[in-house]
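Chemist: Could you have a look at this structure, given as structure tokens, before my questions?
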Amino acid sequence: MKIRPGAADTERVGGKHDAFDADPLGFRFRLRNVQAGVWLSVCCCLVYTGYSALTWSQGHRTAVLALAAVALAASLTLSVVPLGRLMDKPGLREGFFLSYSALLVTLIAVAAAYDGGADSPLATALVLPVIFAALSYPVGSMVVVGAMTLLSYLALAVLVGGAPVAHVFLFALVLTCGTWMCAWQAHNHQLQRQELDRVSRTDPLTGCLNRRGFEERFATELARAERGGVPLGYVLIDLDSFKELNDLQGHAAGDEMLCWVVGTLTATLRAVDAVGRLGGDEFAVLVPGAGRQDAALVADRLRDALAARTPSSLGSAAFPADGTDGEELHHQADTRLYQVKHGRSAAYVPARRRELSWAAALAQAVDLRMGGGHAHSQAVGDLAVALARGLGWPESRLAQLRLAAVLHDVGKVAVPDRVLRNEGPLDDEERAIVRTHPSIGADMVARIEGLEAIAPWIRHSHEHFDGSGYPRGLRGDAIPLESRIIHVADAFDAMTSERAYRPALTFEQAFAELRGGAGRQFDAQCVDLLECALAGQALELAVT
């Protein structure tokens with residue numbers, strides 16, 4: 001499942017796009033109109049210049065040209081401004097564009113005043129800001145522009161004159177009617193965009209979010225959870241007997257069942273939760289604020305509610321415990337759903353022996369490429385399990401942790417030898433290459449049936465407790481506990497193992513380094529647990 005928040009024809013800044021997320025279709029539509037309007041203003045300035053040249057024998061041509069130059073400069077300046085960035089800030093956006101419209105209306109009115117007053121042909125250009133506002137501005141802003149235009153023309157007629165009262169009355173009436181019609185059209189455009197946006201993101205049968213709408217909501221909720229440091233629950237639902245219902249009772253009965261399912265889910269969930277239909281009989285639910293246990297409880301409650309009419313299989317996951325992006329969370333929930341559907345424990349599913357042998361062989365190959373003859377991967381697995389026993393974990397979870405620890409560096413198979421065996425300091429390019437290996441390793445492991453659950457632990461096994469690690473720069477409890485354990489075990493074995501460029505540290509020296517980095521690079525609890533585990537057991541580590 002790809003989480004893609006929808007590509008806009010605009011600049012996107014810093015991952016926070018309130019205007020785009022609230023109305024992406026309207027955002028793109030308005031941006032294109034504003035860009036077109038800027039160039040229309042440029043063309044009008046050139047027309048004013050041509051008009052001045054053709055009427056050069058009349059007075060004040062230099063002043064009219066100067067005003068056209070000012071308007072041209074303002075329009076060209078706006079053409080190079082990052083409009084998408086500007087329009088993404090609602091408080092700044094409306095004020096800026098109203099000021100721009102006010103500037104254009106003022107320049108047109110002053111140019112008409114120099115050209116003879118209310119009867120000048122230049123005064124007819126006052127309708128252009130109104131039309132432009134109707135195409136690009138919300139209704140309120142459009143009405144403000146219309147009022148500015150009407151007042152400017154009346155001020156021109158009163159202060160400068162130049163036209164009979166009847167002409168002023170007629171032109172003012174035309175401006176008023178035009179403003180009303182444009183405001184009505186702007187209102188219709190807004191309603192149409194909102195309806196198109198709703199339809200494009202809503203399942204037409206059930207009324208819940210469709211796949212596109214759910215993915216965009218998923219991306220938004222993930223970004224909000226990451227910014228606020230709060231969990232996000234994700235529940236995947238599959239109706240077990242939907243195909244049989246369609247075959248036996250027809251598609252009408254199937255459609256009625258799908259509508260009932262969405263109604264039941266909506267009635268069971270909170271208003272802030274979101275329901276989406278991802279496929280024929282596959283649904284997903286977002287539960288903001290729910291951690292792993294809460295998401296599992298929500299899944300149980302939904303399963304009980306749906307059991308009134310249809311058996312269903314559900315799998316749950318939660319940010320950040322089970323993953324930090326949409327694909328990881330979907331993969332974890334899908335794995336657990338599959339395990340439940342086929343009668344296997346969702347807590348632990350052993351991998352097939354052949355695949356485990358293949359993975360272990362890769363880990364051994366990485367150790368050999370690192371040189372030194374030390375079984376680093378196996379040692380990290382032993383240390384991680386010894387540490388985690390202090391947490392009272394069951395054997396099934398310890399077995400998963402051992403696998404993740406053994407495979408934590410498997411992604412280094414993709415790192416070139418010149419980088420992997422470099423005995424000196426790495427340059428920026430080499431460091432960037434090394435930092436890709438946790439993600440590569442996690443992707444490799446996720447493709448092995450039975451090992452999907454441990455992939456996020458491998459992906460984040462090089463994150464630092466203070467957020468300075470990689471690949472995502474997670475901080476504190478946002479890093480899976482298993483990853484924090486592996487990181488401490490990995491660092492301890494690396495320090496107590498001899499390398500070509502330095503001798504091995506003693507246990508006391510290594511623990512001094514770990515304690516010095518506790519709370520920054522390492523989880524202090526994990527450091528304490530490892531020290532207690534090694535103090536209480538006679539672990540014989542091969543140090544060569």
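Just remember, in the structure tokens the first chain shown is A, the second B, etc., residues are 1-based per chain, and ligands are 1-based in the order shown.
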Would you pick out the contacts of Ala404 of chain A at 8 Å or less, using only C-alpha atoms, so that residues sharing its chain but fewer than 6 positions from it are not included, and give the list as a list in words?
Modeler: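 So, after excluding close chain neighbours, the residues are Gly381, Ile454, Ala455, Trp457 and Ile458 of chain A.
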Chemist: Using only C-alpha atoms, pick whichever of A:Ala69, A:Val230, A:Leu154, A:Val38 has the shortest atom-to-atom distance to Ala478 of chain A.
Modeler: A:Val230
Chemist: Could you jot down the atom CA of Trp180 of chain A to atom CA of Met142 of chain A separation for me, Å, one decimal place?
Modeler: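 Separating atom CA of Trp180 of chain A from atom CA of Met142 of chain A is a distance of 9.6 Å.
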Chemist: Which polymer residues have any atom within 12 Å of an atom of Ala155 of chain A, counting only C-alpha atoms, with same-chain residues fewer than 5 positions away left out, as JSON, numbers by chain?
Modeler: {"A": [105, 106, 109, 110, 112, 113, 117, 118, 123, 148, 149, 150, 160, 161, 162, 168, 172]}
Chemist: Just write the chosen residues, all heavy atoms, as an mmCIF file, in the first residue's frame.
Modeler:
```
data_model
loop_
_atom_site.group_PDB
_atom_site.id
_atom_site.type_symbol
_atom_site.label_atom_id
_atom_site.label_comp_id
_atom_site.auth_asym_id
_atom_site.auth_seq_id
_atom_site.Cartn_x
_atom_site.Cartn_y
_atom_site.Cartn_z
ATOM 1 N N VAL A 105 -6.219 48.142 -8.542
ATOM 2 C CA VAL A 105 -7.387 49.023 -8.661
ATOM 3 C C VAL A 105 -6.959 50.488 -8.520
ATOM 4 O O VAL A 105 -7.415 51.371 -9.273
ATOM 5 C CB VAL A 105 -8.432 48.655 -7.585
ATOM 6 C CG1 VAL A 105 -9.531 49.728 -7.518
ATOM 7 C CG2 VAL A 105 -9.048 47.293 -7.877
ATOM 8 N N THR A 106 -6.071 50.757 -7.579
ATOM 9 C CA THR A 106 -5.597 52.129 -7.376
ATOM 10 C C THR A 106 -4.849 52.648 -8.600
ATOM 11 O O THR A 106 -5.057 53.789 -9.051
ATOM 12 C CB THR A 106 -4.685 52.188 -6.138
ATOM 13 O OG1 THR A 106 -5.421 51.743 -4.999
ATOM 14 C CG2 THR A 106 -4.178 53.606 -5.907
ATOM 15 N N ALA A 109 -7.301 53.366 -11.396
ATOM 16 C CA ALA A 109 -8.087 54.582 -11.134
ATOM 17 C C ALA A 109 -7.234 55.843 -11.324
ATOM 18 O O ALA A 109 -7.689 56.841 -11.918
ATOM 19 C CB ALA A 109 -8.657 54.533 -9.718
ATOM 20 N N VAL A 110 -6.000 55.833 -10.844
ATOM 21 C CA VAL A 110 -5.122 57.006 -10.990
ATOM 22 C C VAL A 110 -4.785 57.233 -12.463
ATOM 23 O O VAL A 110 -4.764 58.381 -12.948
ATOM 24 C CB VAL A 110 -3.844 56.822 -10.149
ATOM 25 C CG1 VAL A 110 -2.855 57.946 -10.430
ATOM 26 C CG2 VAL A 110 -4.181 56.771 -8.671
ATOM 27 N N ALA A 112 -6.660 56.445 -14.992
ATOM 28 C CA ALA A 112 -7.862 57.005 -15.616
ATOM 29 C C ALA A 112 -8.018 58.475 -15.255
ATOM 30 O O ALA A 112 -8.474 59.291 -16.082
ATOM 31 C CB ALA A 112 -9.087 56.206 -15.164
ATOM 32 N N ALA A 113 -7.645 58.826 -14.026
ATOM 33 C CA ALA A 113 -7.728 60.234 -13.615
ATOM 34 C C ALA A 113 -6.815 61.109 -14.470
ATOM 35 O O ALA A 113 -7.198 62.211 -14.892
ATOM 36 C CB ALA A 113 -7.351 60.365 -12.143
ATOM 37 N N GLY A 117 -10.461 61.237 -16.430
ATOM 38 C CA GLY A 117 -11.465 60.994 -15.402
ATOM 39 C C GLY A 117 -12.329 59.781 -15.687
ATOM 40 O O GLY A 117 -11.933 58.824 -16.346
ATOM 41 N N ALA A 118 -13.584 59.839 -15.196
ATOM 42 C CA ALA A 118 -14.492 58.688 -15.247
ATOM 43 C C ALA A 118 -14.858 58.286 -16.660
ATOM 44 O O ALA A 118 -15.322 57.160 -16.893
ATOM 45 C CB ALA A 118 -15.755 58.998 -14.444
ATOM 46 N N ALA A 123 -10.705 53.480 -17.605
ATOM 47 C CA ALA A 123 -11.567 53.116 -16.471
ATOM 48 C C ALA A 123 -12.253 51.768 -16.681
ATOM 49 O O ALA A 123 -12.631 51.088 -15.715
ATOM 50 C CB ALA A 123 -12.596 54.206 -16.229
ATOM 51 N N MET A 148 -14.139 47.544 -3.478
ATOM 52 C CA MET A 148 -13.021 48.465 -3.719
ATOM 53 C C MET A 148 -13.112 49.072 -5.115
ATOM 54 O O MET A 148 -12.880 50.277 -5.317
ATOM 55 C CB MET A 148 -11.686 47.728 -3.553
ATOM 56 C CG MET A 148 -11.278 47.446 -2.122
ATOM 57 S SD MET A 148 -9.550 46.907 -1.987
ATOM 58 C CE MET A 148 -9.539 45.490 -3.074
ATOM 59 N N THR A 149 -13.446 48.223 -6.092
ATOM 60 C CA THR A 149 -13.519 48.694 -7.483
ATOM 61 C C THR A 149 -14.622 49.731 -7.650
ATOM 62 O O THR A 149 -14.431 50.790 -8.270
ATOM 63 C CB THR A 149 -13.763 47.503 -8.414
ATOM 64 O OG1 THR A 149 -12.724 46.548 -8.235
ATOM 65 C CG2 THR A 149 -13.796 47.942 -9.859
ATOM 66 N N LEU A 150 -15.803 49.442 -7.095
ATOM 67 C CA LEU A 150 -16.930 50.364 -7.212
ATOM 68 C C LEU A 150 -16.620 51.697 -6.526
ATOM 69 O O LEU A 150 -16.869 52.785 -7.089
ATOM 70 C CB LEU A 150 -18.180 49.729 -6.607
ATOM 71 C CG LEU A 150 -19.455 50.585 -6.629
ATOM 72 C CD1 LEU A 150 -19.842 50.936 -8.070
ATOM 73 C CD2 LEU A 150 -20.595 49.870 -5.912
ATOM 74 N N VAL A 160 -12.634 63.768 -9.807
ATOM 75 C CA VAL A 160 -12.042 64.201 -11.078
ATOM 76 C C VAL A 160 -13.108 64.596 -12.081
ATOM 77 O O VAL A 160 -12.940 65.539 -12.865
ATOM 78 C CB VAL A 160 -11.125 63.098 -11.655
ATOM 79 C CG1 VAL A 160 -10.493 63.558 -12.972
ATOM 80 C CG2 VAL A 160 -10.052 62.715 -10.650
ATOM 81 N N GLY A 161 -14.223 63.853 -12.053
ATOM 82 C CA GLY A 161 -15.279 64.123 -13.021
ATOM 83 C C GLY A 161 -14.931 63.538 -14.378
ATOM 84 O O GLY A 161 -14.278 62.514 -14.488
ATOM 85 N N GLY A 162 -15.400 64.225 -15.438
ATOM 86 C CA GLY A 162 -15.065 63.779 -16.772
ATOM 87 C C GLY A 162 -16.151 63.005 -17.455
ATOM 88 O O GLY A 162 -16.011 62.649 -18.623
ATOM 89 N N VAL A 168 -21.949 57.792 -15.335
ATOM 90 C CA VAL A 168 -21.410 57.278 -14.064
ATOM 91 C C VAL A 168 -22.395 56.298 -13.437
ATOM 92 O O VAL A 168 -22.009 55.222 -12.955
ATOM 93 C CB VAL A 168 -21.098 58.439 -13.102
ATOM 94 C CG1 VAL A 168 -20.723 57.918 -11.723
ATOM 95 C CG2 VAL A 168 -19.996 59.313 -13.669
ATOM 96 N N ALA A 172 -21.500 52.452 -12.845
ATOM 97 C CA ALA A 172 -21.500 51.960 -11.468
ATOM 98 C C ALA A 172 -22.484 50.803 -11.309
ATOM 99 O O ALA A 172 -22.222 49.827 -10.589
ATOM 100 C CB ALA A 172 -21.836 53.097 -10.508
#
```
Chemist: Figure out the distance between atom CA of Pro231 of chain A and atom CA of Ala318 of chain A, please, to one decimal in Å.
Modeler: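 Pair atom CA of Ala318 of chain A / atom CA of Pro231 of chain A returns 6.6 Å.
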Chemist: In Å to one decimal, how far is atom CA of His460 of chain A from atom CA of Gly473 of chain A?
Modeler: 8.9 Å
Chemist: Can you pull out every residue from segment 227-470 of chain A that DSSP, working from the backbone, puts in strand (DSSP E or B), and format the result as a ChimeraX atom specification?
Modeler: /A:232-239,274-277,282-288,312-319
Chemist: With N, CA and C atoms retained, could you export that selection as a short mmCIF file (atom, residue, chain, number, x, y, z; two decimals), in the first residue's frame?
Modeler:
```cif
data_model
loop_
_atom_site.label_atom_id
_atom_site.label_comp_id
_atom_site.auth_asym_id
_atom_site.auth_seq_id
_atom_site.Cartn_x
_atom_site.Cartn_y
_atom_site.Cartn_z
N LEU A 232 -0.63 6.26 16.76
CA LEU A 232 -1.72 6.18 15.77
C LEU A 232 -2.01 4.71 15.51
N GLY A 233 -3.24 4.29 15.77
CA GLY A 233 -3.63 2.91 15.53
C GLY A 233 -4.13 2.70 14.12
N TYR A 234 -3.86 1.51 13.58
CA TYR A 234 -4.28 1.16 12.22
C TYR A 234 -4.85 -0.26 12.26
N VAL A 235 -6.07 -0.43 11.80
CA VAL A 235 -6.75 -1.73 11.82
C VAL A 235 -7.16 -2.09 10.41
N LEU A 236 -6.82 -3.29 10.00
CA LEU A 236 -7.16 -3.79 8.68
C LEU A 236 -8.24 -4.86 8.84
N ILE A 237 -9.26 -4.82 7.99
CA ILE A 237 -10.42 -5.70 8.12
C ILE A 237 -10.68 -6.41 6.80
N ASP A 238 -10.88 -7.73 6.89
CA ASP A 238 -11.22 -8.53 5.71
C ASP A 238 -12.45 -9.37 6.03
N LEU A 239 -13.48 -9.26 5.19
CA LEU A 239 -14.71 -10.04 5.41
C LEU A 239 -14.49 -11.46 4.90
N ALA A 274 -11.34 7.18 11.34
CA ALA A 274 -11.63 7.20 9.90
C ALA A 274 -11.77 5.78 9.38
N VAL A 275 -12.76 5.57 8.51
CA VAL A 275 -12.99 4.27 7.88
C VAL A 275 -12.77 4.42 6.39
N GLY A 276 -12.04 3.49 5.80
CA GLY A 276 -11.80 3.52 4.36
C GLY A 276 -12.01 2.14 3.75
N ARG A 277 -12.48 2.13 2.51
CA ARG A 277 -12.63 0.88 1.76
C ARG A 277 -11.46 0.77 0.78
N GLU A 282 -12.28 -5.36 1.62
CA GLU A 282 -11.20 -5.00 2.53
C GLU A 282 -11.39 -3.56 2.99
N PHE A 283 -11.38 -3.39 4.30
CA PHE A 283 -11.55 -2.07 4.90
C PHE A 283 -10.37 -1.79 5.83
N ALA A 284 -10.19 -0.52 6.14
CA ALA A 284 -9.15 -0.12 7.08
C ALA A 284 -9.69 1.00 7.96
N VAL A 285 -9.14 1.07 9.15
CA VAL A 285 -9.59 2.05 10.14
C VAL A 285 -8.38 2.75 10.74
N LEU A 286 -8.45 4.06 10.88
CA LEU A 286 -7.43 4.84 11.58
C LEU A 286 -7.97 5.25 12.94
N VAL A 287 -7.16 5.04 13.98
CA VAL A 287 -7.58 5.35 15.34
C VAL A 287 -6.54 6.28 15.97
N PRO A 288 -6.66 7.59 15.80
CA PRO A 288 -5.69 8.52 16.37
C PRO A 288 -5.57 8.37 17.88
N SER A 312 -15.22 -12.06 10.25
CA SER A 312 -14.19 -11.21 9.65
C SER A 312 -12.86 -11.46 10.34
N SER A 313 -11.79 -11.19 9.60
CA SER A 313 -10.44 -11.28 10.14
C SER A 313 -9.88 -9.88 10.23
N LEU A 314 -9.24 -9.56 11.35
CA LEU A 314 -8.70 -8.23 11.56
C LEU A 314 -7.25 -8.32 12.02
N GLY A 315 -6.46 -7.37 11.59
CA GLY A 315 -5.09 -7.23 12.05
C GLY A 315 -4.83 -5.78 12.40
N SER A 316 -4.05 -5.54 13.43
CA SER A 316 -3.82 -4.17 13.88
C SER A 316 -2.33 -3.88 13.98
N ALA A 317 -2.01 -2.62 13.92
CA ALA A 317 -0.65 -2.13 14.10
C ALA A 317 -0.75 -0.72 14.64
N ALA A 318 0.38 -0.19 15.10
CA ALA A 318 0.36 1.15 15.68
C ALA A 318 1.68 1.86 15.43
N PHE A 319 1.57 3.14 15.15
CA PHE A 319 2.75 4.02 15.07
C PHE A 319 3.07 4.48 16.48
#
```
Chemist: Would you pick out the contacts of Ala163 of chain A at 10 Å or less, using only C-alpha atoms, so that residues sharing its chain but fewer than 4 positions from it are not included, and give the list as a list in words?
Modeler: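 Near Ala163 of chain A, the qualifying residues are Gly116, Gly117, Ala118, Asp119, Ser120, Leu156, Ala157, Val158, His167, Val168 and Phe169 of chain A.
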Chemist: Residues at most 10 Å from segment 55-61 of chain A, counting only C-alpha atoms, excluding those fewer than 6 positions away in the same chain, as a PDB file with N, CA and C atoms, in the first residue's frame?
Modeler:
```
ATOM      1  N   THR A  49       0.715  50.594 -22.111  1.00  0.00           N
ATOM      2  CA  THR A  49       1.871  51.238 -22.738  1.00  0.00           C
ATOM      3  C   THR A  49       1.571  51.563 -24.200  1.00  0.00           C
ATOM      4  N   LEU A  67       2.767  54.787 -14.277  1.00  0.00           N
ATOM      5  CA  LEU A  67       1.854  53.909 -13.535  1.00  0.00           C
ATOM      6  C   LEU A  67       1.837  52.498 -14.135  1.00  0.00           C
ATOM      7  N   ALA A 111      -4.514  56.139 -13.211  1.00  0.00           N
ATOM      8  CA  ALA A 111      -4.234  56.287 -14.636  1.00  0.00           C
ATOM      9  C   ALA A 111      -5.431  56.882 -15.369  1.00  0.00           C
ATOM     10  N   ALA A 113      -7.645  58.826 -14.026  1.00  0.00           N
ATOM     11  CA  ALA A 113      -7.728  60.234 -13.615  1.00  0.00           C
ATOM     12  C   ALA A 113      -6.815  61.109 -14.470  1.00  0.00           C
ATOM     13  N   TYR A 114      -5.599  60.614 -14.751  1.00  0.00           N
ATOM     14  CA  TYR A 114      -4.680  61.367 -15.615  1.00  0.00           C
ATOM     15  C   TYR A 114      -5.180  61.412 -17.056  1.00  0.00           C
ATOM     16  N   ASP A 115      -6.026  60.440 -17.445  1.00  0.00           N
ATOM     17  CA  ASP A 115      -6.460  60.329 -18.837  1.00  0.00           C
ATOM     18  C   ASP A 115      -7.792  61.016 -19.084  1.00  0.00           C
ATOM     19  N   GLY A 116      -8.301  61.713 -18.088  1.00  0.00           N
ATOM     20  CA  GLY A 116      -9.536  62.449 -18.337  1.00  0.00           C
ATOM     21  C   GLY A 116     -10.639  62.164 -17.354  1.00  0.00           C
TER      22      GLY A 116
END
```
Chemist: Please identify all polymer residues within 10 Å of Ile486 of chain A, counting only C-alpha atoms, omitting same-chain residues fewer than 2 positions from it, and present them as a ChimeraX atom specification.
Modeler: /A:380-381,383-385,387-388,401-402,404-406,408,457-458,460-462,481-484,488-492,526
Chemist: If you run DSSP on this backbone, which residues of segment 153-378 of chain A come out as alpha helix (DSSP H), and could you give them as a PyMOL selection string?
Modeler: chain A and resi 153-159+165-200+211-228+242-249+251-268+292-306+326-341+353-370+376-378
